[in-house]
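Peer 1: Sharing a structure with you now.
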Amino acid sequence: MVGKFSRGFLTLSLVAGLSSCNSASQGLDLSSNAASANAQPVQAVVQAYCPQVVMRDQNAVYRSYAKGGQDNPDKLLYQVSFNDSTRQCTANETTITINLIAQGRVVQGPAGTPGSVSLPILVEVVDGDNIIYSQKVAYPVDVPVGGTQFIFSKADVQIPNNPGGASRFTRVRLGFDNAPAAKKPRRS
């Protein structure tokens, strides 16, 4: 019985609180005629399209192995993947700036030790098949025993803002640069 009473009281309090937010107050006039007479006309702004973040299967996971242990599970140093991502966009007449944020996880492998690692993160913006932005970021993460979670943030992804905003086919691709490191030429 006490539970029904407290739920009823809570509901009644919530309804009363919300209804007071909608009541008109005679003491506060939000329309200032003097200020609006001097104000400049405001141009309407249409929000630009903010491209979605996608991850491709071929570079959604990154694995690092001990020297000579490629694809050997016993030589795995660590494995990294992204769990979730989001973005926020701002636009002006010529540029859309995308603030990209992603949550990732590093899991230590059997050959791994605690310490700092540099993750090869690849951020690309594509419109259909055309790459209009691409940058590789060496992102440092301190990895304790077992692994850790991390937050990756890139606030300066800029793409052209076409008339009418970005194309609906524009996507932000987030992943890891899984390409093998280029071998350094030997000196003679």
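Each chain in the structure tokens gets a letter, A, B and so on, in the order shown; residues start at 1 in every chain, and ligands are counted from 1 in the order they appear.
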I'd like the contact shell of region 165-181 of chain A - 7 Å cut-off, only C-alpha atoms, skipping same-chain residues fewer than 6 positions apart - returned as a VMD selection string.
Peer 2: chain A and resid 48 to 49 51 to 55 59 to 62 120 to 128
Peer 1: Write a file of the selected residues as a PDB file, in the first residue's frame, keeping C-alpha atoms.
Peer 2:
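Result saved to out.pdb:
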ATOM      1  CA  ALA A  48      23.615  21.009 -43.005  1.00  0.00           C
ATOM      2  CA  TYR A  49      23.640  17.225 -43.303  1.00  0.00           C
ATOM      3  CA  PRO A  51      27.510  12.438 -42.300  1.00  0.00           C
ATOM      4  CA  GLN A  52      27.122   9.148 -40.456  1.00  0.00           C
ATOM      5  CA  VAL A  53      30.107   7.260 -39.036  1.00  0.00           C
ATOM      6  CA  VAL A  54      30.637   3.771 -40.468  1.00  0.00           C
ATOM      7  CA  MET A  55      33.243   1.080 -39.918  1.00  0.00           C
ATOM      8  CA  ASN A  59      39.806  -2.364 -40.912  1.00  0.00           C
ATOM      9  CA  ALA A  60      37.480  -2.469 -37.884  1.00  0.00           C
ATOM     10  CA  VAL A  61      39.945  -4.531 -35.805  1.00  0.00           C
ATOM     11  CA  TYR A  62      43.686  -4.067 -35.396  1.00  0.00           C
ATOM     12  CA  PRO A 120      47.233   3.614 -36.310  1.00  0.00           C
ATOM     13  CA  ILE A 121      43.735   5.124 -36.641  1.00  0.00           C
ATOM     14  CA  LEU A 122      42.458   5.993 -40.109  1.00  0.00           C
ATOM     15  CA  VAL A 123      39.757   8.666 -40.549  1.00  0.00           C
ATOM     16  CA  GLU A 124      38.289   9.076 -44.032  1.00  0.00           C
ATOM     17  CA  VAL A 125      35.313  10.966 -45.405  1.00  0.00           C
ATOM     18  CA  VAL A 126      33.908   9.506 -48.604  1.00  0.00           C
ATOM     19  CA  ASP A 127      31.196  10.696 -50.954  1.00  0.00           C
ATOM     20  CA  GLY A 128      30.107   7.594 -52.831  1.00  0.00           C
TER      21      GLY A 128
END
Peer 1: As a ChimeraX atom specification, please: every residue in region 36-175 of chain A that DSSP puts in strand (DSSP E).
Peer 2: /A:52-54,61-65,76-91,95-108,115-127,130-143,147-160,170-175
Peer 1: Between A:Gly109, A:Val143, A:Cys50, A:Val117, which is the closest to Cys89 (chain A) once you count only C-alpha atoms?
Peer 2: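 Looking at the shortest contact to Cys89 (chain A), the residue is A:Cys50.
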Peer 1: Would you mind listing what lies within 9 Å of region 105-107 of chain A as a list in words, with only C-alpha atoms counted and same-chain residues fewer than 4 positions away left out?
Peer 2: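 What passes the distance filter is Leu77, Tyr78, Gln79, Val80, Ser81, Phe82, Asn83, Val141, Val143, Val145, Gly146, Gly147, Thr148, Gln149, Phe150 and Ile151 of chain A.
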Peer 1: Distance CA of Pro140 (chain A)-CA of Thr97 (chain A), one decimal place?
Peer 2: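 Computing the Euclidean distance for CA of Pro140 (chain A) and CA of Thr97 (chain A) yields 23.6 Å.
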Peer 1: So that I can see what lies close to Leu100 (chain A), please list as a PyMOL selection string the residues with an atom at most 9 Å from it, counting only C-alpha atoms and leaving out residues fewer than 3 positions away in the same chain.
Peer 2: chain A and resi 53+85-89+152-157+172
Peer 1: Kindly export the residues of the current selection with N, CA and C atoms, as a PDB file, in the first residue's frame.
Peer 2:
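Everything below was put into part.pdb:
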ATOM      1  N   VAL A  53      28.829   7.944 -39.220  1.00  0.00           N
ATOM      2  CA  VAL A  53      30.107   7.260 -39.036  1.00  0.00           C
ATOM      3  C   VAL A  53      29.877   5.774 -39.298  1.00  0.00           C
ATOM      4  N   SER A  85      30.575   5.016 -31.772  1.00  0.00           N
ATOM      5  CA  SER A  85      31.075   6.303 -32.250  1.00  0.00           C
ATOM      6  C   SER A  85      29.918   7.268 -32.438  1.00  0.00           C
ATOM      7  N   THR A  86      30.258   8.547 -32.458  1.00  0.00           N
ATOM      8  CA  THR A  86      29.276   9.587 -32.714  1.00  0.00           C
ATOM      9  C   THR A  86      29.996  10.750 -33.370  1.00  0.00           C
ATOM     10  N   ARG A  87      29.225  11.730 -33.818  1.00  0.00           N
ATOM     11  CA  ARG A  87      29.805  12.900 -34.441  1.00  0.00           C
ATOM     12  C   ARG A  87      28.901  14.096 -34.224  1.00  0.00           C
ATOM     13  N   GLN A  88      29.488  15.266 -34.380  1.00  0.00           N
ATOM     14  CA  GLN A  88      28.755  16.521 -34.301  1.00  0.00           C
ATOM     15  C   GLN A  88      29.313  17.397 -35.405  1.00  0.00           C
ATOM     16  N   CYS A  89      28.442  18.098 -36.108  1.00  0.00           N
ATOM     17  CA  CYS A  89      28.876  18.915 -37.234  1.00  0.00           C
ATOM     18  C   CYS A  89      28.506  20.376 -37.026  1.00  0.00           C
ATOM     19  N   PHE A 152      38.692   8.116 -28.401  1.00  0.00           N
ATOM     20  CA  PHE A 152      39.389   8.790 -29.495  1.00  0.00           C
ATOM     21  C   PHE A 152      38.545   9.989 -29.908  1.00  0.00           C
ATOM     22  N   SER A 153      39.193  11.139 -30.066  1.00  0.00           N
ATOM     23  CA  SER A 153      38.482  12.349 -30.461  1.00  0.00           C
ATOM     24  C   SER A 153      39.276  13.066 -31.546  1.00  0.00           C
ATOM     25  N   LYS A 154      38.583  13.446 -32.599  1.00  0.00           N
ATOM     26  CA  LYS A 154      39.191  14.228 -33.679  1.00  0.00           C
ATOM     27  C   LYS A 154      38.197  15.311 -34.041  1.00  0.00           C
ATOM     28  N   ALA A 155      38.521  16.548 -33.658  1.00  0.00           N
ATOM     29  CA  ALA A 155      37.570  17.649 -33.775  1.00  0.00           C
ATOM     30  C   ALA A 155      37.764  18.500 -35.023  1.00  0.00           C
ATOM     31  N   ASP A 156      38.723  18.156 -35.873  1.00  0.00           N
ATOM     32  CA  ASP A 156      39.038  19.054 -36.980  1.00  0.00           C
ATOM     33  C   ASP A 156      38.895  18.423 -38.364  1.00  0.00           C
ATOM     34  N   VAL A 157      37.956  17.516 -38.529  1.00  0.00           N
ATOM     35  CA  VAL A 157      37.717  16.916 -39.844  1.00  0.00           C
ATOM     36  C   VAL A 157      36.898  17.916 -40.652  1.00  0.00           C
ATOM     37  N   VAL A 172      31.537   9.150 -42.929  1.00  0.00           N
ATOM     38  CA  VAL A 172      32.830   9.193 -42.245  1.00  0.00           C
ATOM     39  C   VAL A 172      33.202   7.746 -41.960  1.00  0.00           C
TER      40      VAL A 172
END
Peer 1: Could you pull out all residues of region 48-84 of chain A with a DSSP call of helix (DSSP H, G or I) and give them as an MDAnalysis selection string?
Peer 2: chainID A and resid 57:59 73:75
Peer 1: Take the residues that were just selected and, keeping N, CA, C and O atoms, output them as a compact mmCIF listing (two decimals), in the first residue's frame.
Peer 2:
# COMPACT_ATOMS: atom_id res chain seq x y z
N ASP A 57 34.44 -3.77 -42.36
CA ASP A 57 34.93 -5.00 -41.76
C ASP A 57 36.44 -5.17 -41.89
O ASP A 57 37.10 -5.63 -40.97
N GLN A 58 37.00 -4.76 -43.04
CA GLN A 58 38.43 -5.02 -43.29
C GLN A 58 39.37 -4.20 -42.40
O GLN A 58 40.53 -4.55 -42.27
N ASN A 59 38.90 -3.11 -41.80
CA ASN A 59 39.81 -2.36 -40.91
C ASN A 59 39.15 -1.97 -39.59
O ASN A 59 39.53 -1.00 -38.97
N PRO A 73 48.40 -16.81 -32.83
CA PRO A 73 47.70 -16.34 -31.63
C PRO A 73 48.59 -16.27 -30.38
O PRO A 73 48.36 -15.44 -29.50
N ASP A 74 49.62 -17.12 -30.29
CA ASP A 74 50.50 -17.11 -29.12
C ASP A 74 51.43 -15.89 -29.13
O ASP A 74 51.99 -15.54 -28.10
N LYS A 75 51.61 -15.24 -30.28
CA LYS A 75 52.51 -14.09 -30.41
C LYS A 75 51.74 -12.76 -30.43
O LYS A 75 52.31 -11.71 -30.68
Peer 1: Excluding Thr94 (chain A) and any residue of its chain fewer than 4 positions from it, enumerate the residues within 8 Å of it, using only C-alpha atoms, and give them as a list in words.
Peer 2: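 Close residues of Thr94 (chain A): Pro160, Asn161 and Asn162 of chain A.
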Peer 1: What does the distance from CA of Pro114 (chain A) to CA of Ile101 (chain A) come to in Å, to one decimal?
Peer 2: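 Answer for the CA of Pro114 (chain A) to CA of Ile101 (chain A) separation: 24.9 Å.
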Peer 1: What is the distance between CA of Asp142 (chain A) and CA of Gly115 (chain A), in Å to one decimal?
Peer 2: 5.6 Å
Peer 1: For Asn72 (chain A), which of A:Leu119, A:Ile96, A:Ala102, A:Ala111 is the closest residue, counting only C-alpha atoms?
Peer 2: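 Ranked by minimum distance to Asn72 (chain A), first place goes to A:Ala111.
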